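A.B. asks: One structure, pasted below without further comment.
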Amino acid sequence: MKMIVAILRPEKLQAVKDALKEEGINGMTITRVTGRGSQSGVRFTTRAGEFCVDEIEKVKLEIVQEDERIDTAVAIIRRVAATDHIGDGRIFILPVERSLRIRTGD
Ligand SMILES: Nc1ncnc2c1ncn2[C@@H]1O[C@H](COP(=O)(O)OP(=O)(O)OP(=O)(O)O)[C@@H](O)[C@H]1O
Ligand SMILES: [Mg+2]
């Protein structure tokens with residue numbers, strides 16, 4: 001088992017959820033987060049001066065799946081979440097030792 005931690009543009013969340021559901025991937029944890037990537041945020045200039053925003057709003061998805069489904073899930077997330085512009089997000093894949101359902105102990 002592995003956990004996919006995907007940091008996405010918030011506006012891509014619904015489309016990613018829909019596409020994962022089509023593959024039968026339903027269970028996930030969704031958290032609104034802020035973060036910064038390799039550009040350390042965004043810098044812009046207005047008449048009032050130069051500004052730097054180094055915490056950009058993103059959405060974090062945590063999805064635990066069997067190893068053999070990880071590549072499929074990652075491919076779906078990439079296909080749907082990509083705009084080909086900087087800030088599309090990141091995907092991390094972590095090992096998971098155990099998982100059980102509280103109701104049944106399965
Ligand atoms: N090294 C990292 N460790 C943990 N989280 C990260 C890391 N890099 C990026 N993130 C998370 O991913 C989010 C999106 O990052 P972003 O898409 O800007 O990544 P990037 O590596 O800079 O890629 P790009 O060049 O496409 O912008 C960040 O807001 C942050 O939450
Ligand atoms: Mg970036």
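If you're wondering about the labels, chains in the structure tokens are A, B, ... by order shown, residues count from 1 in each chain, ligands from 1 in order shown.
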Identify, on the basis of only C-alpha atoms, every residue whose closest approach to Gly89 of chain A does not exceed 8 Å; exclude the query and any residue fewer than 4 positions from it along the same chain; express the result as a list in words.

C.D. replies: Ala6, Ile7, Leu8 and Arg9 of chain A

A.B. asks: Can you check which parts of chain A lie within 8 Å of ligand 1? Per residue, the shortest pair of atoms and distance in Å to one decimal, counting only C-alpha atoms and all ligand atoms, sorted by chain and number, as CSV.

C.D. replies:
residue,atom,partner,partner_atom_place_in_ligand_line,distance
A:Ala6,CA,ligand 1,12 (O),8.0
A:Ile7,CA,ligand 1,12 (O),5.1
A:Leu8,CA,ligand 1,14 (C),6.7
A:Arg9,CA,ligand 1,14 (C),7.8
A:Val33,CA,ligand 1,31 (O),7.0
A:Thr34,CA,ligand 1,31 (O),5.8
A:Gly35,CA,ligand 1,29 (O),3.3
A:Arg36,CA,ligand 1,29 (O),3.6
A:Gly37,CA,ligand 1,22 (O),3.5
A:Ser38,CA,ligand 1,22 (O),3.6
A:Gln39,CA,ligand 1,22 (O),5.4
A:Ser40,CA,ligand 1,22 (O),7.4
A:Gly41,CA,ligand 1,18 (O),7.3
A:Glu55,CA,ligand 1,29 (O),6.9
A:Ile56,CA,ligand 1,29 (O),5.7
A:Glu57,CA,ligand 1,29 (O),6.9
A:Lys58,CA,ligand 1,29 (O),6.1
A:Lys60,CA,ligand 1,31 (O),7.9
A:Asp84,CA,ligand 1,26 (O),7.6
A:His85,CA,ligand 1,26 (O),6.2
A:Ile86,CA,ligand 1,27 (O),3.5
A:Gly87,CA,ligand 1,17 (O),3.3
A:Asp88,CA,ligand 1,17 (O),4.3
A:Gly89,CA,ligand 1,17 (O),3.1
A:Arg90,CA,ligand 1,12 (O),4.9
A:Ile91,CA,ligand 1,12 (O),7.9

A.B. asks: DSSP on the backbone: what in segment 21-104 of chain A comes out alpha helix (DSSP H), as a list of chain:residue names?

C.D. replies: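 Selection result, alpha helix (DSSP H) within segment 21-104 of chain A: A:Lys21, A:Glu22, A:Asp67, A:Glu68, A:Arg69, A:Ile70, A:Asp71, A:Thr72, A:Ala73, A:Val74, A:Ala75, A:Ile76, A:Ile77, A:Arg78, A:Arg79, A:Val80, A:Ala81.
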
A.B. asks: Please produce an output containing C-alpha atoms for each residue in the selection, written as a tab-separated table (two decimals), in the first residue's frame.

C.D. replies:
chain	number	residue	atom	x	y	z
A	21	LYS	CA	-14.23	8.24	-9.22
A	22	GLU	CA	-14.56	6.90	-12.78
A	67	ASP	CA	0.56	-0.61	-4.98
A	68	GLU	CA	-0.80	-1.79	-8.35
A	69	ARG	CA	-3.29	1.10	-8.54
A	70	ILE	CA	-0.81	3.87	-7.76
A	71	ASP	CA	0.44	4.41	-11.32
A	72	THR	CA	-3.13	4.69	-12.60
A	73	ALA	CA	-4.07	7.22	-9.93
A	74	VAL	CA	-0.95	9.29	-10.53
A	75	ALA	CA	-1.58	9.30	-14.31
A	76	ILE	CA	-5.17	10.49	-13.80
A	77	ILE	CA	-4.11	13.26	-11.43
A	78	ARG	CA	-1.41	14.44	-13.83
A	79	ARG	CA	-3.70	14.35	-16.87
A	80	VAL	CA	-6.49	16.30	-15.19
A	81	ALA	CA	-4.54	18.71	-12.96

A.B. asks: Residues within 12 Å of Phe51 of chain A, please, as a list of chain:residue names. Count only C-alpha atoms; anything in the same chain fewer than 6 positions from it doesn't count.

C.D. replies: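 Listing them by chain and then by number gives A:Gly41, A:Val42, A:Arg43, A:Phe44, A:Thr45.
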
A.B. asks: Please write the residues from the selection above to a file, keeping C-alpha atoms, as a compact mmCIF listing (two decimals), in the first residue's frame.

C.D. replies:
# COMPACT_ATOMS: atom_id res chain seq x y z
CA GLY A 41 5.79 32.16 -4.45
CA VAL A 42 4.87 34.92 -6.88
CA ARG A 43 6.20 38.44 -7.22
CA PHE A 44 4.28 41.24 -8.88
CA THR A 45 4.50 44.99 -9.22

A.B. asks: Identify, on the basis of only C-alpha atoms, every residue whose closest approach to Met3 of chain A does not exceed 8 Å; exclude the query and any residue fewer than 5 positions from it along the same chain; express the result as number ranges by chain.

C.D. replies: A: 62-65, 93-96

A.B. asks: Got time to write the residues from that selection, N, CA, C and O atoms, as a PDB file, in the first residue's frame?

C.D. replies:
ATOM      1  N   GLU A  62      -4.969  13.293  -0.042  1.00  0.00           N
ATOM      2  CA  GLU A  62      -4.256  12.109   0.472  1.00  0.00           C
ATOM      3  C   GLU A  62      -5.081  10.885   0.091  1.00  0.00           C
ATOM      4  O   GLU A  62      -6.253  10.786   0.472  1.00  0.00           O
ATOM      5  N   ILE A  63      -4.467   9.986  -0.662  1.00  0.00           N
ATOM      6  CA  ILE A  63      -5.180   8.827  -1.198  1.00  0.00           C
ATOM      7  C   ILE A  63      -4.340   7.585  -0.941  1.00  0.00           C
ATOM      8  O   ILE A  63      -3.205   7.498  -1.422  1.00  0.00           O
ATOM      9  N   VAL A  64      -4.892   6.624  -0.191  1.00  0.00           N
ATOM     10  CA  VAL A  64      -4.191   5.357   0.048  1.00  0.00           C
ATOM     11  C   VAL A  64      -4.785   4.294  -0.869  1.00  0.00           C
ATOM     12  O   VAL A  64      -6.016   4.128  -0.922  1.00  0.00           O
ATOM     13  N   GLN A  65      -3.916   3.614  -1.598  1.00  0.00           N
ATOM     14  CA  GLN A  65      -4.350   2.579  -2.536  1.00  0.00           C
ATOM     15  C   GLN A  65      -3.330   1.452  -2.544  1.00  0.00           C
ATOM     16  O   GLN A  65      -2.177   1.653  -2.157  1.00  0.00           O
ATOM     17  N   ILE A  93       4.741  10.212  -3.125  1.00  0.00           N
ATOM     18  CA  ILE A  93       4.244   8.854  -2.898  1.00  0.00           C
ATOM     19  C   ILE A  93       4.986   8.266  -1.709  1.00  0.00           C
ATOM     20  O   ILE A  93       6.216   8.200  -1.708  1.00  0.00           O
ATOM     21  N   LEU A  94       4.217   7.870  -0.685  1.00  0.00           N
ATOM     22  CA  LEU A  94       4.791   7.412   0.586  1.00  0.00           C
ATOM     23  C   LEU A  94       4.371   5.971   0.844  1.00  0.00           C
ATOM     24  O   LEU A  94       3.238   5.583   0.522  1.00  0.00           O
ATOM     25  N   PRO A  95       5.227   5.188   1.485  1.00  0.00           N
ATOM     26  CA  PRO A  95       4.817   3.835   1.876  1.00  0.00           C
ATOM     27  C   PRO A  95       3.826   3.890   3.043  1.00  0.00           C
ATOM     28  O   PRO A  95       3.912   4.771   3.893  1.00  0.00           O
ATOM     29  N   VAL A  96       2.889   2.944   3.052  1.00  0.00           N
ATOM     30  CA  VAL A  96       1.908   2.837   4.148  1.00  0.00           C
ATOM     31  C   VAL A  96       2.014   1.436   4.725  1.00  0.00           C
ATOM     32  O   VAL A  96       1.924   0.452   3.992  1.00  0.00           O
TER      33      VAL A  96
END

A.B. asks: Can you tell me, as a ChimeraX atom specification, which residues in chain A count as strand (DSSP E or B) by DSSP?

C.D. replies: /A:2-8,29-35,42-46,49-53,56-65,89-95

A.B. asks: Name the closest residue to Val59 of chain A among the candidates A:Val16, A:Met1, A:Ile25, A:Ile102; distances are taken between atoms, counting only C-alpha atoms.

C.D. replies: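 Going through A:Val16, A:Met1, A:Ile25, A:Ile102 one by one, the smallest distance to Val59 of chain A is for A:Val16.
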
A.B. asks: What does the distance between atom CA of Gly105 of chain A and atom CA of Glu66 of chain A come to in Å, to one decimal place?

C.D. replies: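 About the pair atom CA of Gly105 of chain A and atom CA of Glu66 of chain A: they are 17.6 Å apart.
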
A.B. asks: Of the residues A:Ala82, A:Thr46, A:Ser99, A:Leu61, which is the one nearest to Thr29 of chain A, using only C-alpha atoms?

C.D. replies: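 Looking at the shortest contact to Thr29 of chain A, the residue is A:Leu61.
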
A.B. asks: Which residue is closest to ligand 2? Choose from A:Pro10, A:Arg101, A:Asp54, A:Ala48 and count only C-alpha atoms and all ligand atoms.

C.D. replies: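 Comparing A:Pro10, A:Arg101, A:Asp54, A:Ala48 against ligand 2, the winner is A:Asp54.
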
A.B. asks: Identify which of the residues A:Thr83, A:Cys52, A:Arg98, A:Phe92 lies closest to Lys12 of chain A, counting only C-alpha atoms when measuring atom-to-atom distances.

C.D. replies: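 Checking each of A:Thr83, A:Cys52, A:Arg98, A:Phe92 against Lys12 of chain A, counting only C-alpha atoms, the winner is A:Thr83.
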
A.B. asks: Using only C-alpha atoms, which of the listed residues (A:Leu100, A:Glu23, A:Met28, A:Asp18) sits closest to Ile4 of chain A?

C.D. replies: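 Checking each of A:Leu100, A:Glu23, A:Met28, A:Asp18 against Ile4 of chain A, counting only C-alpha atoms, the winner is A:Met28.
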
A.B. asks: To one decimal place in Å, what is the distance between atom CA of Arg32 of chain A and atom CA of Leu20 of chain A?

C.D. replies: 18.7 Å
